[in-house]
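**Q** Have a look at this one.
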Amino acid sequence: MSEAIRETDPILSRIERLEQQNRRLKRGALACLLGVASFGLMGQAQRKPARLPASGPTPAFTMPKNIEAESFVLKDAGGRVRAELSMGGTGPSLKLRDQGGTALVTLSLNDDKPAGPFLLLSDPQHHAGLSMSILEGAGSQLTLTGARADIQAHLGVTPDGTTLVLSDQEGFETNVGSGVQAGKGGQVKKTTAASITLFNKDRKVLWSTP
């Protein structure tokens with residue numbers, strides 16, 4: 001715009017000054033915006049990513065050396081008790097039960113007199129059984145039983161000797177081996193391992209040798 005026009009038209013001159021100021025303001029605003037953007041990019045470049053905690057190896061499960069309790073109960077998938085290991089009033093015992101809950105195997109250690117181990121086996125109906133024991137002062141005992149307690153075969157090794165006793169449901173009995181028995185006439189005699197004595201159901205001697 002020429003000097004003559006500025007002098008003759010003050011309005012146009014004022015408009016020109018405003019346009020110049022507006023251009024300077026735009027350039028300053030653009031410079032500030034570029035500065036802020038550059039600072040932001042520099043901050044992102046210098047910021048380090050967060051470090052995740054190092055994941056070490058999973059500690060291995062340590063099996064305890066001792067497990068202490070007064071009883072242990074083993075159940076099957078149906079919740080039925082099938083085995084018990086416990087401390088009773090006379091000592092420790094292990095019982096194995098069938099699905100009906102009947103103990104068919106019992107292994108125990110007797111702390112009372114006579115002290116010693118005891119094993120009992122049975123069928124579910126208790127028609128047959130086997131017992132073994134080694135008790136203090138009573139020697140070793142093995143007994144096989146039937147449906148009734150008087151139907152049995154008993155083998156014992158005691159301080160008095162070795163005996164085999166057979167009995168049936170009628171009450172008859174055969175004793176083989178050494179020990180002390182009541183002879184004929186009520187007399188007490190000491191037998192040997194070669195002795196055999198037959199008794200009737202009233203415990204009277206039917207025959208004996210020697």
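Simple scheme: letters A, B, ... for chains in structure tokens order, numbers from 1 for residues in each chain, numbers from 1 for ligands in the order shown.
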List the neighbours of Val180 (chain A) out to 8 Å using only C-alpha atoms; skip same-chain residues closer than 3 positions along the sequence, and give me the result as a list in words.
**A**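 The residues satisfying every condition are Asp160, Val188, Lys189, Lys190 and Thr191 of chain A.
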**Q** I'd like the contact shell of Gln141 (chain A) - 8 Å cut-off, only C-alpha atoms, skipping same-chain residues fewer than 6 positions apart - returned as a tab-separated table (two decimals) with N, CA and C atoms, in the first residue's frame.
**A**
```
chain	number	residue	atom	x	y	z
A	131	SER	N	-6.67	-116.62	63.37
A	131	SER	CA	-6.03	-115.71	64.31
A	131	SER	C	-4.62	-116.20	64.61
A	132	MET	N	-3.71	-115.28	64.71
A	132	MET	CA	-2.32	-115.57	65.07
A	132	MET	C	-1.88	-114.59	66.13
A	133	SER	N	-1.11	-115.08	67.07
A	133	SER	CA	-0.62	-114.20	68.12
A	133	SER	C	0.71	-114.72	68.65
A	134	ILE	N	1.49	-113.79	69.12
A	134	ILE	CA	2.73	-114.12	69.83
A	134	ILE	C	2.71	-113.26	71.09
A	154	HIS	N	-6.37	-125.74	66.51
A	154	HIS	CA	-5.48	-124.84	67.25
A	154	HIS	C	-4.09	-125.45	67.35
A	155	LEU	N	-3.11	-124.65	67.00
A	155	LEU	CA	-1.71	-125.06	67.10
A	155	LEU	C	-1.00	-124.05	67.99
A	156	GLY	N	-0.36	-124.57	69.02
A	156	GLY	CA	0.32	-123.68	69.94
A	156	GLY	C	1.70	-124.18	70.32
A	157	VAL	N	2.61	-123.23	70.45
A	157	VAL	CA	3.95	-123.53	70.95
A	157	VAL	C	4.14	-122.67	72.19
```
**Q** Skip Lys95 (chain A) itself and residues of its chain fewer than 5 positions away, then list as an NGL selection string all residues within 9 Å of it, counting only C-alpha atoms.
**A** :A and (82-86 or 103-108)
**Q** List the spatial neighbours of Gly101 (chain A) as a list in words - criterion: any atom at most 7 Å away, only C-alpha atoms, same-chain residues fewer than 3 positions off excluded.
**A**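 Once the adjacent positions are removed, what remains is Val81, Arg97 and Asp98 of chain A.
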**Q** Ranking A:Ala128, A:Ala138, A:Ile151, A:Ala194 by minimum distance to Glu173 (chain A) and counting only C-alpha atoms, which one comes first?
**A** A:Ile151
**Q** Do you know which residues are at most 10 Å from region 201-203 of chain A counting only C-alpha atoms, after dropping those on the same chain fewer than 2 positions away, and could you put them as a PyMOL selection string?
**A** chain A and resi 167-173+182+198-199+205-206
**Q** Need the shell around Ser195 (chain A): protein/DNA/RNA residues with any atom at most 7 Å away, counting only C-alpha atoms. Skip same-chain ones fewer than 6 positions apart. Format as a PyMOL selection string?
**A** chain A and resi 176-178+209-210
**Q** How would the residues just picked look written out with N, CA and C atoms as an mmCIF file, in the first residue's frame?
**A**
```cif
data_model
loop_
_atom_site.group_PDB
_atom_site.id
_atom_site.type_symbol
_atom_site.label_atom_id
_atom_site.label_comp_id
_atom_site.auth_asym_id
_atom_site.auth_seq_id
_atom_site.Cartn_x
_atom_site.Cartn_y
_atom_site.Cartn_z
ATOM 1 N N VAL A 176 -3.051 -133.541 70.367
ATOM 2 C CA VAL A 176 -1.789 -134.163 69.977
ATOM 3 C C VAL A 176 -0.668 -133.271 70.480
ATOM 4 N N GLY A 177 0.292 -133.897 71.196
ATOM 5 C CA GLY A 177 1.449 -133.127 71.616
ATOM 6 C C GLY A 177 1.627 -133.102 73.110
ATOM 7 N N SER A 178 2.584 -132.278 73.517
ATOM 8 C CA SER A 178 2.972 -132.243 74.923
ATOM 9 C C SER A 178 2.169 -131.196 75.681
ATOM 10 N N THR A 209 -2.677 -142.337 74.172
ATOM 11 C CA THR A 209 -1.411 -143.048 74.051
ATOM 12 C C THR A 209 -0.295 -142.026 73.985
ATOM 13 N N PRO A 210 0.826 -142.281 74.546
ATOM 14 C CA PRO A 210 1.057 -143.302 75.587
ATOM 15 C C PRO A 210 0.423 -142.840 76.893
#
```
**Q** From the DSSP assignment of the backbone, select every residue of region 49-203 of chain A that is strand (DSSP E or B), and format the answer as a PyMOL selection string.
**A** chain A and resi 71-75+81-87+92-97+103-110+116-122+129-135+139-145+152-158+161-167+173-177+179-182+188-191+196-199
**Q** For the selection just defined, write its residues with C-alpha atoms to a file, as a compact mmCIF listing (two decimals), in the first residue's frame.
**A**
```txt
# COMPACT_ATOMS: atom_id res chain seq x y z
CA SER A 71 -5.79 -91.98 63.84
CA PHE A 72 -5.94 -92.12 60.04
CA VAL A 73 -9.08 -93.06 58.09
CA LEU A 74 -9.08 -94.21 54.45
CA LYS A 75 -12.34 -93.89 52.47
CA VAL A 81 -14.50 -96.21 55.52
CA ARG A 82 -12.23 -98.96 54.21
CA ALA A 83 -9.18 -98.74 56.47
CA GLU A 84 -8.32 -97.35 59.89
CA LEU A 85 -4.98 -96.87 61.59
CA SER A 86 -5.48 -95.74 65.16
CA MET A 87 -4.26 -95.81 68.73
CA PRO A 92 -2.02 -99.41 67.97
CA SER A 93 -4.21 -101.27 65.49
CA LEU A 94 -4.86 -101.45 61.74
CA LYS A 95 -8.30 -102.49 60.43
CA LEU A 96 -9.26 -103.20 56.82
CA ARG A 97 -13.02 -103.15 56.18
CA ALA A 103 -13.47 -105.45 59.62
CA LEU A 104 -12.02 -108.48 57.81
CA VAL A 105 -8.37 -107.84 58.70
CA THR A 106 -7.21 -106.62 62.10
CA LEU A 107 -3.58 -106.22 63.06
CA SER A 108 -2.94 -104.96 66.57
CA LEU A 109 -0.24 -104.70 69.18
CA ASN A 110 -1.33 -105.33 72.73
CA GLY A 116 2.49 -108.86 71.91
CA PRO A 117 1.17 -108.72 68.33
CA PHE A 118 -2.16 -110.17 67.20
CA LEU A 119 -3.59 -110.82 63.72
CA LEU A 120 -7.22 -111.65 62.96
CA LEU A 121 -8.68 -112.58 59.54
CA SER A 122 -12.36 -113.24 58.85
CA GLY A 129 -11.58 -117.03 60.68
CA LEU A 130 -7.89 -117.19 61.38
CA SER A 131 -6.03 -115.71 64.31
CA MET A 132 -2.32 -115.57 65.07
CA SER A 133 -0.62 -114.20 68.12
CA ILE A 134 2.73 -114.12 69.83
CA LEU A 135 1.97 -113.06 73.37
CA GLY A 139 4.05 -118.50 73.20
CA SER A 140 2.98 -118.63 69.55
CA GLN A 141 -0.65 -119.42 68.76
CA LEU A 142 -2.45 -120.21 65.49
CA THR A 143 -6.20 -120.85 65.45
CA LEU A 144 -8.54 -121.70 62.57
CA THR A 145 -12.26 -121.39 63.36
CA GLN A 152 -11.55 -125.16 65.33
CA ALA A 153 -8.02 -126.30 64.86
CA HIS A 154 -5.48 -124.84 67.25
CA LEU A 155 -1.71 -125.06 67.10
CA GLY A 156 0.32 -123.68 69.94
CA VAL A 157 3.95 -123.53 70.95
CA THR A 158 4.05 -122.61 74.63
CA GLY A 161 5.16 -127.73 75.03
CA THR A 162 3.75 -128.00 71.52
CA THR A 163 0.11 -129.00 70.99
CA LEU A 164 -2.41 -129.50 68.22
CA VAL A 165 -6.09 -129.46 69.19
CA LEU A 166 -8.91 -130.44 66.81
CA SER A 167 -12.59 -130.04 67.75
CA GLU A 173 -11.79 -133.26 70.56
CA THR A 174 -8.35 -134.61 69.72
CA ASN A 175 -5.19 -133.42 71.44
CA VAL A 176 -1.79 -134.16 69.98
CA GLY A 177 1.45 -133.13 71.62
CA GLY A 179 1.34 -130.49 77.82
CA VAL A 180 -0.64 -131.15 80.98
CA GLN A 181 -3.94 -133.05 80.58
CA ALA A 182 -6.50 -134.72 82.76
CA VAL A 188 -3.39 -135.22 85.81
CA LYS A 189 -0.59 -136.36 83.58
CA LYS A 190 2.12 -134.69 81.58
CA THR A 191 2.14 -135.65 77.94
CA ILE A 196 -2.50 -138.44 71.47
CA THR A 197 -5.67 -138.10 73.54
CA LEU A 198 -9.27 -138.36 72.36
CA PHE A 199 -12.13 -136.73 74.29
```
